[in-house]
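Here is the file work.pdb (PDB, C-alpha atoms).
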```pdb
ATOM      1  CA  MET A   1     113.758 118.859  68.295
ATOM      2  CA  SER A   2     111.590 116.359  66.421
ATOM      3  CA  PRO A   3     107.812 116.330  67.047
ATOM      4  CA  GLU A   4     108.108 112.920  68.742
ATOM      5  CA  ARG A   5     110.846 114.079  71.131
ATOM      6  CA  ARG A   6     108.917 117.283  71.835
ATOM      7  CA  GLU A   7     105.823 115.228  72.656
ATOM      8  CA  ARG A   8     107.814 113.026  75.033
ATOM      9  CA  ALA A   9     109.345 116.077  76.734
ATOM     10  CA  ASP A  10     105.886 117.634  77.115
ATOM     11  CA  ALA A  11     104.571 114.382  78.631
ATOM     12  CA  VAL A  12     107.411 114.261  81.170
ATOM     13  CA  ARG A  13     106.900 117.919  82.060
ATOM     14  CA  ASN A  14     103.141 117.458  82.443
ATOM     15  CA  ARG A  15     103.598 114.389  84.625
ATOM     16  CA  ARG A  16     105.984 116.253  86.923
ATOM     17  CA  ALA A  17     103.676 119.279  87.105
ATOM     18  CA  ILE A  18     100.654 117.105  87.923
ATOM     19  CA  LEU A  19     102.445 115.155  90.647
ATOM     20  CA  ASN A  20     103.899 118.311  92.201
ATOM     21  CA  ALA A  21     100.493 120.001  92.135
ATOM     22  CA  THR A  22      98.871 116.974  93.797
ATOM     23  CA  GLU A  23     101.511 116.906  96.524
ATOM     24  CA  ASP A  24     101.082 120.641  97.165
ATOM     25  CA  LEU A  25      97.279 120.344  97.382
ATOM     26  CA  LEU A  26      97.527 117.393  99.766
ATOM     27  CA  SER A  27      99.752 119.463 102.035
ATOM     28  CA  ARG A  28      97.012 122.084 102.331
ATOM     29  CA  TYR A  29      93.743 120.157 102.056
ATOM     30  CA  ARG A  30      92.299 116.909 103.305
ATOM     31  CA  PRO A  31      92.550 114.056 100.762
ATOM     32  CA  ASN A  32      88.766 113.939 100.136
ATOM     33  CA  GLU A  33      88.825 117.663  99.337
ATOM     34  CA  VAL A  34      91.337 117.344  96.493
ATOM     35  CA  THR A  35      89.715 116.871  93.089
ATOM     36  CA  ILE A  36      91.048 116.160  89.612
ATOM     37  CA  GLU A  37      89.779 119.589  88.550
ATOM     38  CA  GLN A  38      91.877 121.263  91.272
ATOM     39  CA  VAL A  39      94.957 119.261  90.314
ATOM     40  CA  ALA A  40      94.573 120.091  86.622
ATOM     41  CA  ALA A  41      94.146 123.803  87.317
ATOM     42  CA  ALA A  42      97.132 123.909  89.674
ATOM     43  CA  ALA A  43      99.305 122.007  87.187
ATOM     44  CA  GLY A  44      98.245 124.177  84.249
ATOM     45  CA  VAL A  45      96.910 121.253  82.207
ATOM     46  CA  GLY A  46      93.493 120.077  81.081
ATOM     47  CA  LYS A  47      91.447 117.661  83.183
ATOM     48  CA  GLY A  48      91.598 115.192  80.313
ATOM     49  CA  THR A  49      95.398 115.204  80.503
ATOM     50  CA  VAL A  50      95.282 114.091  84.140
ATOM     51  CA  PHE A  51      92.816 111.305  83.367
ATOM     52  CA  HIS A  52      94.848 110.236  80.328
ATOM     53  CA  ARG A  53      98.070 110.007  82.356
ATOM     54  CA  PHE A  54      96.716 108.440  85.543
ATOM     55  CA  GLY A  55      93.291 106.992  84.787
ATOM     56  CA  SER A  56      91.582 108.133  87.977
ATOM     57  CA  ARG A  57      92.025 110.126  91.161
ATOM     58  CA  MET A  58      93.281 107.036  92.983
ATOM     59  CA  GLY A  59      95.600 106.190  90.098
ATOM     60  CA  LEU A  60      97.103 109.642  90.556
ATOM     61  CA  MET A  61      97.563 109.092  94.305
ATOM     62  CA  VAL A  62      99.214 105.706  93.749
ATOM     63  CA  ALA A  63     101.576 107.129  91.138
ATOM     64  CA  LEU A  64     102.570 109.966  93.466
ATOM     65  CA  MET A  65     103.300 107.592  96.366
ATOM     66  CA  ARG A  66     105.406 105.378  94.110
ATOM     67  CA  GLU A  67     107.298 108.406  92.872
ATOM     68  CA  ARG A  68     107.998 109.719  96.364
ATOM     69  CA  ALA A  69     109.014 106.277  97.662
ATOM     70  CA  LEU A  70     111.278 105.497  94.691
ATOM     71  CA  GLU A  71     114.264 107.295  96.164
ATOM     72  CA  LEU A  72     113.981 105.270  99.377
ATOM     73  CA  THR A  73     113.656 102.015  97.433
ATOM     74  CA  GLU A  74     116.758 102.811  95.403
ATOM     75  CA  ALA A  75     118.708 103.677  98.580
ATOM     76  CA  VAL A  76     117.696 100.367 100.159
ATOM     77  CA  GLU A  77     118.702  98.346  97.113
ATOM     78  CA  SER A  78     121.936 100.037  96.077
ATOM     79  CA  GLY A  79     122.706 103.016  98.310
ATOM     80  CA  PRO A  80     125.427 103.319 100.943
ATOM     81  CA  PRO A  81     125.036 101.680 104.362
ATOM     82  CA  PRO A  82     123.404 101.677 106.813
ATOM     83  CA  LEU A  83     120.288 102.181 104.678
ATOM     84  CA  GLY A  84     121.776 100.240 101.779
ATOM     85  CA  PRO A  85     123.570  96.876 101.735
ATOM     86  CA  GLY A  86     126.664  96.322 103.843
ATOM     87  CA  ALA A  87     125.523  97.187 107.374
ATOM     88  CA  PRO A  88     124.292  94.719 110.036
ATOM     89  CA  PRO A  89     120.531  93.983 109.961
ATOM     90  CA  ARG A  90     119.911  95.940 113.165
ATOM     91  CA  GLU A  91     121.526  99.111 111.814
ATOM     92  CA  ARG A  92     119.783  98.745 108.461
ATOM     93  CA  LEU A  93     116.369  98.301 110.080
ATOM     94  CA  LEU A  94     116.745 101.363 112.294
ATOM     95  CA  ALA A  95     117.979 103.442 109.356
ATOM     96  CA  PHE A  96     115.094 102.224 107.205
ATOM     97  CA  LEU A  97     112.462 103.055 109.814
ATOM     98  CA  SER A  98     113.918 106.561 110.157
ATOM     99  CA  ALA A  99     113.748 106.971 106.382
ATOM    100  CA  VAL A 100     110.158 105.700 106.273
ATOM    101  CA  VAL A 101     109.136 108.233 108.920
ATOM    102  CA  ASP A 102     110.683 110.957 106.778
ATOM    103  CA  VAL A 103     108.706 109.801 103.714
ATOM    104  CA  VAL A 104     105.355 109.487 105.492
ATOM    105  CA  GLY A 105     105.936 112.723 107.391
ATOM    106  CA  ARG A 106     106.333 114.590 104.114
ATOM    107  CA  ASN A 107     103.380 112.778 102.509
ATOM    108  CA  LYS A 108     100.877 112.344 105.337
ATOM    109  CA  GLY A 109      97.947 113.568 103.246
ATOM    110  CA  LEU A 110      98.842 111.126 100.515
ATOM    111  CA  LEU A 111      99.178 108.294 103.003
ATOM    112  CA  ALA A 112      95.745 109.102 104.397
ATOM    113  CA  ALA A 113      94.227 109.049 100.903
ATOM    114  CA  LEU A 114      95.766 105.686 100.132
ATOM    115  CA  GLY A 115      94.802 104.275 103.509
ATOM    116  CA  GLN A 116      91.148 105.155 102.920
ATOM    117  CA  ALA A 117      91.030 103.448  99.546
ATOM    118  CA  VAL A 118      93.642 100.681  99.685
ATOM    119  CA  PRO A 119      94.089  99.075 103.121
ATOM    120  CA  PRO A 120      97.751  97.986 103.501
ATOM    121  CA  THR A 121      97.530  94.224 103.891
ATOM    122  CA  SER A 122     100.567  92.007 103.762
ATOM    123  CA  GLY A 123     101.276  90.865 100.240
ATOM    124  CA  SER A 124      98.651  93.180  98.701
ATOM    125  CA  GLU A 125      99.660  94.152  95.182
ATOM    126  CA  ASP A 126      97.199  97.057  95.218
ATOM    127  CA  HIS A 127      99.119  99.206  97.658
ATOM    128  CA  PRO A 128     101.992 101.043  95.934
ATOM    129  CA  VAL A 129     104.713 100.625  98.560
ATOM    130  CA  TYR A 130     103.573  98.473 101.472
ATOM    131  CA  PRO A 131     104.574  95.074  99.985
ATOM    132  CA  VAL A 132     108.087  96.347  99.199
ATOM    133  CA  TRP A 133     108.559  97.882 102.648
ATOM    134  CA  HIS A 134     107.109  94.814 104.345
ATOM    135  CA  LYS A 135     109.429  92.454 102.476
ATOM    136  CA  HIS A 136     112.476  94.529 103.427
ATOM    137  CA  VAL A 137     111.586  94.793 107.119
ATOM    138  CA  SER A 138     110.707  91.104 107.268
ATOM    139  CA  SER A 139     114.013  90.081 105.681
ATOM    140  CA  LEU A 140     116.030  92.205 108.119
ATOM    141  CA  ILE A 141     114.178  90.786 111.135
ATOM    142  CA  ALA A 142     114.693  87.246 109.824
ATOM    143  CA  ALA A 143     118.404  87.862 109.261
ATOM    144  CA  GLN A 144     118.874  89.042 112.851
ATOM    145  CA  ARG A 145     116.326  86.790 114.552
ATOM    146  CA  PRO A 146     115.568  83.640 112.496
ATOM    147  CA  ASP A 147     113.710  82.258 115.529
ATOM    148  CA  LEU A 148     110.873  84.792 115.150
ATOM    149  CA  ASP A 149     107.812  85.150 112.911
ATOM    150  CA  ALA A 150     109.389  87.875 110.805
ATOM    151  CA  PRO A 151     106.490  88.469 108.342
ATOM    152  CA  LEU A 152     103.970  88.989 111.139
ATOM    153  CA  LEU A 153     106.305  91.245 113.092
ATOM    154  CA  ALA A 154     106.937  93.322 109.970
ATOM    155  CA  ASP A 155     103.178  93.768 109.646
ATOM    156  CA  LEU A 156     102.941  94.906 113.259
ATOM    157  CA  VAL A 157     105.763  97.416 112.798
ATOM    158  CA  LEU A 158     104.433  98.937 109.567
ATOM    159  CA  ALA A 159     100.654  98.652 109.718
ATOM    160  CA  GLY A 160     100.350 101.302 112.395
ATOM    161  CA  LEU A 161     101.715 103.930 110.019
ATOM    162  CA  HIS A 162      98.299 104.007 108.333
ATOM    163  CA  SER A 163      96.237 104.241 111.528
ATOM    164  CA  ALA A 164      94.246 107.346 112.433
ATOM    165  CA  PRO A 165      96.234 108.102 115.632
ATOM    166  CA  ILE A 166      99.542 108.000 113.751
ATOM    167  CA  LEU A 167      98.210 110.171 110.933
ATOM    168  CA  GLU A 168      97.010 112.675 113.531
ATOM    169  CA  LEU A 169     100.441 112.597 115.148
ATOM    170  CA  LEU A 170     102.042 113.308 111.758
ATOM    171  CA  GLU A 171      99.587 116.172 111.228
ATOM    172  CA  ARG A 172     100.988 117.712 114.410
ATOM    173  CA  GLY A 173     104.521 117.341 113.084
ATOM    174  CA  GLU A 174     105.594 114.835 115.737
ATOM    175  CA  THR A 175     107.806 112.770 113.442
ATOM    176  CA  ALA A 176     110.627 112.560 115.990
ATOM    177  CA  ARG A 177     108.244 110.951 118.470
ATOM    178  CA  LEU A 178     107.124 108.391 115.882
ATOM    179  CA  GLU A 179     110.703 107.615 114.880
ATOM    180  CA  ALA A 180     111.717 107.053 118.512
ATOM    181  CA  ALA A 181     108.757 104.734 119.117
ATOM    182  CA  LEU A 182     109.506 102.665 116.014
ATOM    183  CA  HIS A 183     113.122 102.319 117.117
ATOM    184  CA  VAL A 184     111.964 101.062 120.513
ATOM    185  CA  LEU A 185     109.806  98.434 118.792
ATOM    186  CA  ALA A 186     112.638  97.399 116.501
ATOM    187  CA  GLU A 187     115.154  97.143 119.334
ATOM    188  CA  GLY A 188     112.707  95.012 121.310
ATOM    189  CA  ILE A 189     112.133  92.692 118.378
ATOM    190  CA  LEU A 190     115.823  92.331 117.601
ATOM    191  CA  GLY A 191     116.858  91.667 121.192
ATOM    192  CA  GLU A 192     118.755  88.532 122.125
ATOM    193  CA  PRO A 193     116.812  85.303 121.505
ATOM    194  CA  ARG A 194     115.541  83.604 124.637
ATOM    195  CA  SER A 195     117.334  80.401 125.601
ATOM    196  CA  PRO A 196     115.158  77.339 124.814
ATOM    197  CA  GLY A 197     115.373  75.985 128.348
ATOM    198  CA  ARG A 198     114.939  79.284 130.158
ATOM    199  CA  ASN A 199     112.120  79.354 132.661
ATOM    200  CA  THR A 200     110.311  82.707 132.643
ATOM    201  CA  THR A 201     107.666  81.827 135.238
ATOM    202  CA  ARG A 202     107.759  84.160 138.204
ATOM    203  CA  THR A 203     107.253  82.855 141.706
TER     204      THR A 203
END
```

As C-alpha cells, how would this structure be written, given the file I've shared?
Amino acid sequence: MSPERRERADAVRNRRAILNATEDLLSRYRPNEVTIEQVAAAAGVGKGTVFHRFGSRMGLMVALMRERALELTEAVESGPPPLGPGAPPRERLLAFLSAVVDVVGRNKGLLAALGQAVPPTSGSEDHPVYPVWHKHVSSLIAAQRPDLDAPLLADLVLAGLHSAPILELLERGETARLEAALHVLAEGILGEPRSPGRNTTRT
C-alpha cells in the first residue's frame, strides 16, 4: 500500500473510532460531561487528531448526527417503500416518523447536545438534520393536504423532539410511546379536509 493510501485508510479508521467513541460516551454520560480529551482517549488517538478532523466539540457532535442520520436520509431518497418513494404520502409520513424515533432514541444524548447549542429552527442551516427532515415532512403533508400550512405543521411535529420532556421520555426508553403519539398527530393532520361550506358552530 502506498503512503498516500495508507494515510487515507488511517484517516477513515480514526474518524470511525472517534465517532464511535463519542456515541458510546454520550450513551453513558450527559452531553456537558463529555470532553474532547475523553473522546480522544476512548478512540485511541491524540486530542489534536480530534480537533484536526472536527474543529471543535460541537463540530464533532454535528458530524456524528449527520453520520447517524445518513442511513435514514438515503432510505427516504432511494430506499424501498413505505419509507422510500412509491408509497402514498400518509404511509410514507408514518414510516418516516417511526424511523426518526428510532434514530433519536438511539442518539438521545447527541440530540440533547445539539439542542443546547443549535436550536432547531425551520430552515436553519446550522442544524445537521432538522432542515432535511422538515422539508420531507412538509412535502408529504402538502402532497396529502394541499389545503394546509404544511411548513408550519412540519415544525410543530418535529420541534418537540428537542424539548426537555421528550428527551426525558427517551431517557426512560419510552420510544414506543413517542412513536404512537407522533402517529396520532400525523393522522390528525392528514385527516379529510373540511368542506368549505361546512358549519362547525355548535348550538

Give me, as a PDB file with C-alpha atoms, in the frame of the given file, all polymer residues having an atom no more than 9 Å from range 72-87 of chain A, counting all atoms listed in the file and skipping those fewer than 4 positions away in the same chain.
```
ATOM      1  CA  ARG A  68     107.998 109.719  96.364  1.00  0.00           C
ATOM      2  CA  GLU A  91     121.526  99.111 111.814  1.00  0.00           C
ATOM      3  CA  ARG A  92     119.783  98.745 108.461  1.00  0.00           C
ATOM      4  CA  LEU A  93     116.369  98.301 110.080  1.00  0.00           C
ATOM      5  CA  LEU A  94     116.745 101.363 112.294  1.00  0.00           C
ATOM      6  CA  ALA A  95     117.979 103.442 109.356  1.00  0.00           C
ATOM      7  CA  PHE A  96     115.094 102.224 107.205  1.00  0.00           C
ATOM      8  CA  ALA A  99     113.748 106.971 106.382  1.00  0.00           C
ATOM      9  CA  VAL A 100     110.158 105.700 106.273  1.00  0.00           C
ATOM     10  CA  VAL A 103     108.706 109.801 103.714  1.00  0.00           C
ATOM     11  CA  VAL A 132     108.087  96.347  99.199  1.00  0.00           C
ATOM     12  CA  TRP A 133     108.559  97.882 102.648  1.00  0.00           C
ATOM     13  CA  HIS A 136     112.476  94.529 103.427  1.00  0.00           C
TER      14      HIS A 136
END
```

What do you get, as a CSV table (one decimal) with C-alpha atoms, keeping the file's coordinate frame, if you spell out every residue that the PyMOL selection byres ((chain A and resi 188) around 12) selects here?
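Writing the result to selection19.csv gives the following:
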```csv
chain,number,residue,atom,x,y,z
A,90,ARG,CA,119.9,95.9,113.2
A,94,LEU,CA,116.7,101.4,112.3
A,141,ILE,CA,114.2,90.8,111.1
A,145,ARG,CA,116.3,86.8,114.6
A,153,LEU,CA,106.3,91.2,113.1
A,157,VAL,CA,105.8,97.4,112.8
A,181,ALA,CA,108.8,104.7,119.1
A,182,LEU,CA,109.5,102.7,116.0
A,183,HIS,CA,113.1,102.3,117.1
A,184,VAL,CA,112.0,101.1,120.5
A,185,LEU,CA,109.8,98.4,118.8
A,186,ALA,CA,112.6,97.4,116.5
A,187,GLU,CA,115.2,97.1,119.3
A,189,ILE,CA,112.1,92.7,118.4
A,190,LEU,CA,115.8,92.3,117.6
A,191,GLY,CA,116.9,91.7,121.2
A,192,GLU,CA,118.8,88.5,122.1
A,193,PRO,CA,116.8,85.3,121.5
```

State, in Å with one decimal place, the distance from CA of Gly48 in chain A to CA of Ala21 in chain A.
15.6 Å

Residues near Ala154 in chain A, cut-off 10 Å, all atoms listed in the file, skip fewer than 2 positions along chain, as a ChimeraX atom specification:
/A:122,133-142,149-152,156-159,186,189

Write out the residues from the selection above, keeping C-alpha atoms, as an mmCIF file, in the coordinates of the input.
```
data_model
loop_
_atom_site.group_PDB
_atom_site.id
_atom_site.type_symbol
_atom_site.label_atom_id
_atom_site.label_comp_id
_atom_site.auth_asym_id
_atom_site.auth_seq_id
_atom_site.Cartn_x
_atom_site.Cartn_y
_atom_site.Cartn_z
ATOM 1 C CA SER A 122 100.567 92.007 103.762
ATOM 2 C CA TRP A 133 108.559 97.882 102.648
ATOM 3 C CA HIS A 134 107.109 94.814 104.345
ATOM 4 C CA LYS A 135 109.429 92.454 102.476
ATOM 5 C CA HIS A 136 112.476 94.529 103.427
ATOM 6 C CA VAL A 137 111.586 94.793 107.119
ATOM 7 C CA SER A 138 110.707 91.104 107.268
ATOM 8 C CA SER A 139 114.013 90.081 105.681
ATOM 9 C CA LEU A 140 116.030 92.205 108.119
ATOM 10 C CA ILE A 141 114.178 90.786 111.135
ATOM 11 C CA ALA A 142 114.693 87.246 109.824
ATOM 12 C CA ASP A 149 107.812 85.150 112.911
ATOM 13 C CA ALA A 150 109.389 87.875 110.805
ATOM 14 C CA PRO A 151 106.490 88.469 108.342
ATOM 15 C CA LEU A 152 103.970 88.989 111.139
ATOM 16 C CA LEU A 156 102.941 94.906 113.259
ATOM 17 C CA VAL A 157 105.763 97.416 112.798
ATOM 18 C CA LEU A 158 104.433 98.937 109.567
ATOM 19 C CA ALA A 159 100.654 98.652 109.718
ATOM 20 C CA ALA A 186 112.638 97.399 116.501
ATOM 21 C CA ILE A 189 112.133 92.692 118.378
#
```

Ground truth for the PyMOL selection byres ((chain A and resi 105) around 12), written as a PyMOL selection string:
chain A and resi 27+68+97-104+106-112+161-162+166-179

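With CA of Leu19 in chain A on one side and CA of Val50 in chain A on the other, the separation reads 9.7 Å.
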
Taking the file as I've supplied it (selection: the PyMOL selection byres ((chain A and resi 23) around 12)), which residues are included? Please answer as an MDAnalysis selection string.
chainID A and resid 16:22 24:31 34 38:39 42:43 60:65 67:68 106:111 113

To one decimal in Å, tell me the separation between CA of Thr49 in chain A and CA of Ala11 in chain A.
9.4 Å

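Each of A:Gly55, A:Pro89, A:Pro165, A:Gly160 was checked against Ile36 in chain A using only C-alpha atoms; the smallest atom-to-atom distance is that of A:Gly55.
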
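Of the listed residues A:Val45, A:Val129, A:Leu70, A:Leu114, the one whose atoms come nearest to Asp10 in chain A is A:Val45, with distances taken using all atoms listed in the file.
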
Repaired coordinates for range 6-17 of chain A (all heavy atoms) as a PDB file, in the coordinates of the input:
```pdb
ATOM      1  N   ARG A   6     109.601 116.182  71.174  1.00  0.00           N
ATOM      2  CA  ARG A   6     108.917 117.283  71.835  1.00  0.00           C
ATOM      3  C   ARG A   6     107.699 116.769  72.596  1.00  0.00           C
ATOM      4  O   ARG A   6     107.421 117.197  73.710  1.00  0.00           O
ATOM      5  CB  ARG A   6     108.488 118.332  70.808  1.00  0.00           C
ATOM      6  CG  ARG A   6     107.902 119.598  71.443  1.00  0.00           C
ATOM      7  CD  ARG A   6     107.515 120.627  70.399  1.00  0.00           C
ATOM      8  NE  ARG A   6     108.660 121.028  69.583  1.00  0.00           N
ATOM      9  CZ  ARG A   6     108.809 120.721  68.307  1.00  0.00           C
ATOM     10  NH1 ARG A   6     107.887 119.989  67.686  1.00  0.00           N
ATOM     11  NH2 ARG A   6     109.872 121.123  67.635  1.00  0.00           N
ATOM     12  N   GLU A   7     106.994 115.805  71.999  1.00  0.00           N
ATOM     13  CA  GLU A   7     105.823 115.228  72.656  1.00  0.00           C
ATOM     14  C   GLU A   7     106.224 114.480  73.927  1.00  0.00           C
ATOM     15  O   GLU A   7     105.562 114.585  74.957  1.00  0.00           O
ATOM     16  CB  GLU A   7     105.112 114.274  71.691  1.00  0.00           C
ATOM     17  CG  GLU A   7     103.813 113.698  72.263  1.00  0.00           C
ATOM     18  CD  GLU A   7     103.088 112.828  71.246  1.00  0.00           C
ATOM     19  OE1 GLU A   7     103.488 112.823  70.065  1.00  0.00           O
ATOM     20  OE2 GLU A   7     102.131 112.146  71.650  1.00  0.00           O
ATOM     21  N   ARG A   8     107.334 113.744  73.849  1.00  0.00           N
ATOM     22  CA  ARG A   8     107.814 113.026  75.033  1.00  0.00           C
ATOM     23  C   ARG A   8     108.229 114.002  76.128  1.00  0.00           C
ATOM     24  O   ARG A   8     107.949 113.798  77.311  1.00  0.00           O
ATOM     25  CB  ARG A   8     108.988 112.121  74.672  1.00  0.00           C
ATOM     26  CG  ARG A   8     108.587 110.860  73.918  1.00  0.00           C
ATOM     27  CD  ARG A   8     109.656 109.784  74.060  1.00  0.00           C
ATOM     28  NE  ARG A   8     110.948 110.219  73.564  1.00  0.00           N
ATOM     29  CZ  ARG A   8     111.382 110.022  72.324  1.00  0.00           C
ATOM     30  NH1 ARG A   8     110.625 109.381  71.451  1.00  0.00           N
ATOM     31  NH2 ARG A   8     112.569 110.455  71.958  1.00  0.00           N
ATOM     32  N   ALA A   9     108.915 115.073  75.754  1.00  0.00           N
ATOM     33  CA  ALA A   9     109.345 116.077  76.734  1.00  0.00           C
ATOM     34  C   ALA A   9     108.137 116.747  77.385  1.00  0.00           C
ATOM     35  O   ALA A   9     108.118 116.993  78.593  1.00  0.00           O
ATOM     36  CB  ALA A   9     110.231 117.124  76.057  1.00  0.00           C
ATOM     37  N   ASP A  10     107.105 117.031  76.572  1.00  0.00           N
ATOM     38  CA  ASP A  10     105.886 117.634  77.115  1.00  0.00           C
ATOM     39  C   ASP A  10     105.204 116.676  78.095  1.00  0.00           C
ATOM     40  O   ASP A  10     104.696 117.101  79.136  1.00  0.00           O
ATOM     41  CB  ASP A  10     104.912 117.988  75.988  1.00  0.00           C
ATOM     42  CG  ASP A  10     105.376 119.184  75.165  1.00  0.00           C
ATOM     43  OD1 ASP A  10     106.274 119.908  75.638  1.00  0.00           O
ATOM     44  OD2 ASP A  10     104.859 119.364  74.049  1.00  0.00           O
ATOM     45  N   ALA A  11     105.209 115.377  77.764  1.00  0.00           N
ATOM     46  CA  ALA A  11     104.571 114.382  78.631  1.00  0.00           C
ATOM     47  C   ALA A  11     105.293 114.291  79.971  1.00  0.00           C
ATOM     48  O   ALA A  11     104.655 114.210  81.028  1.00  0.00           O
ATOM     49  CB  ALA A  11     104.553 113.021  77.937  1.00  0.00           C
ATOM     50  N   VAL A  12     106.623 114.314  79.939  1.00  0.00           N
ATOM     51  CA  VAL A  12     107.411 114.261  81.170  1.00  0.00           C
ATOM     52  C   VAL A  12     107.157 115.508  82.000  1.00  0.00           C
ATOM     53  O   VAL A  12     106.974 115.430  83.229  1.00  0.00           O
ATOM     54  CB  VAL A  12     108.914 114.123  80.839  1.00  0.00           C
ATOM     55  CG1 VAL A  12     109.755 114.314  82.100  1.00  0.00           C
ATOM     56  CG2 VAL A  12     109.204 112.756  80.220  1.00  0.00           C
ATOM     57  N   ARG A  13     107.130 116.664  81.351  1.00  0.00           N
ATOM     58  CA  ARG A  13     106.900 117.919  82.060  1.00  0.00           C
ATOM     59  C   ARG A  13     105.499 117.948  82.671  1.00  0.00           C
ATOM     60  O   ARG A  13     105.317 118.371  83.822  1.00  0.00           O
ATOM     61  CB  ARG A  13     107.088 119.099  81.104  1.00  0.00           C
ATOM     62  CG  ARG A  13     106.950 120.463  81.787  1.00  0.00           C
ATOM     63  CD  ARG A  13     107.364 121.594  80.870  1.00  0.00           C
ATOM     64  NE  ARG A  13     106.586 121.618  79.640  1.00  0.00           N
ATOM     65  CZ  ARG A  13     107.061 121.252  78.442  1.00  0.00           C
ATOM     66  NH1 ARG A  13     108.306 120.836  78.312  1.00  0.00           N
ATOM     67  NH2 ARG A  13     106.290 121.294  77.369  1.00  0.00           N
ATOM     68  N   ASN A  14     104.508 117.478  81.926  1.00  0.00           N
ATOM     69  CA  ASN A  14     103.141 117.458  82.443  1.00  0.00           C
ATOM     70  C   ASN A  14     103.012 116.510  83.634  1.00  0.00           C
ATOM     71  O   ASN A  14     102.343 116.832  84.617  1.00  0.00           O
ATOM     72  CB  ASN A  14     102.163 117.023  81.342  1.00  0.00           C
ATOM     73  CG  ASN A  14     101.921 118.112  80.329  1.00  0.00           C
ATOM     74  OD1 ASN A  14     102.208 119.288  80.577  1.00  0.00           O
ATOM     75  ND2 ASN A  14     101.399 117.746  79.167  1.00  0.00           N
ATOM     76  N   ARG A  15     103.653 115.353  83.520  1.00  0.00           N
ATOM     77  CA  ARG A  15     103.598 114.389  84.625  1.00  0.00           C
ATOM     78  C   ARG A  15     104.179 115.001  85.896  1.00  0.00           C
ATOM     79  O   ARG A  15     103.591 114.901  86.977  1.00  0.00           O
ATOM     80  CB  ARG A  15     104.360 113.118  84.254  1.00  0.00           C
ATOM     81  CG  ARG A  15     104.451 112.095  85.397  1.00  0.00           C
ATOM     82  CD  ARG A  15     105.288 110.893  84.983  1.00  0.00           C
ATOM     83  NE  ARG A  15     105.547 110.021  86.118  1.00  0.00           N
ATOM     84  CZ  ARG A  15     104.725 109.106  86.591  1.00  0.00           C
ATOM     85  NH1 ARG A  15     103.556 108.929  86.003  1.00  0.00           N
ATOM     86  NH2 ARG A  15     105.039 108.365  87.630  1.00  0.00           N
ATOM     87  N   ARG A  16     105.337 115.639  85.764  1.00  0.00           N
ATOM     88  CA  ARG A  16     105.984 116.253  86.923  1.00  0.00           C
ATOM     89  C   ARG A  16     105.103 117.354  87.505  1.00  0.00           C
ATOM     90  O   ARG A  16     104.943 117.467  88.729  1.00  0.00           O
ATOM     91  CB  ARG A  16     107.348 116.806  86.529  1.00  0.00           C
ATOM     92  CG  ARG A  16     108.152 117.358  87.709  1.00  0.00           C
ATOM     93  CD  ARG A  16     109.496 117.911  87.274  1.00  0.00           C
ATOM     94  NE  ARG A  16     110.309 116.912  86.593  1.00  0.00           N
ATOM     95  CZ  ARG A  16     110.644 116.965  85.306  1.00  0.00           C
ATOM     96  NH1 ARG A  16     110.232 117.975  84.549  1.00  0.00           N
ATOM     97  NH2 ARG A  16     111.382 116.027  84.772  1.00  0.00           N
ATOM     98  N   ALA A  17     104.521 118.176  86.639  1.00  0.00           N
ATOM     99  CA  ALA A  17     103.676 119.279  87.105  1.00  0.00           C
ATOM    100  C   ALA A  17     102.438 118.753  87.827  1.00  0.00           C
ATOM    101  O   ALA A  17     102.032 119.294  88.863  1.00  0.00           O
ATOM    102  CB  ALA A  17     103.260 120.152  85.919  1.00  0.00           C
TER     103      ALA A  17
END
```
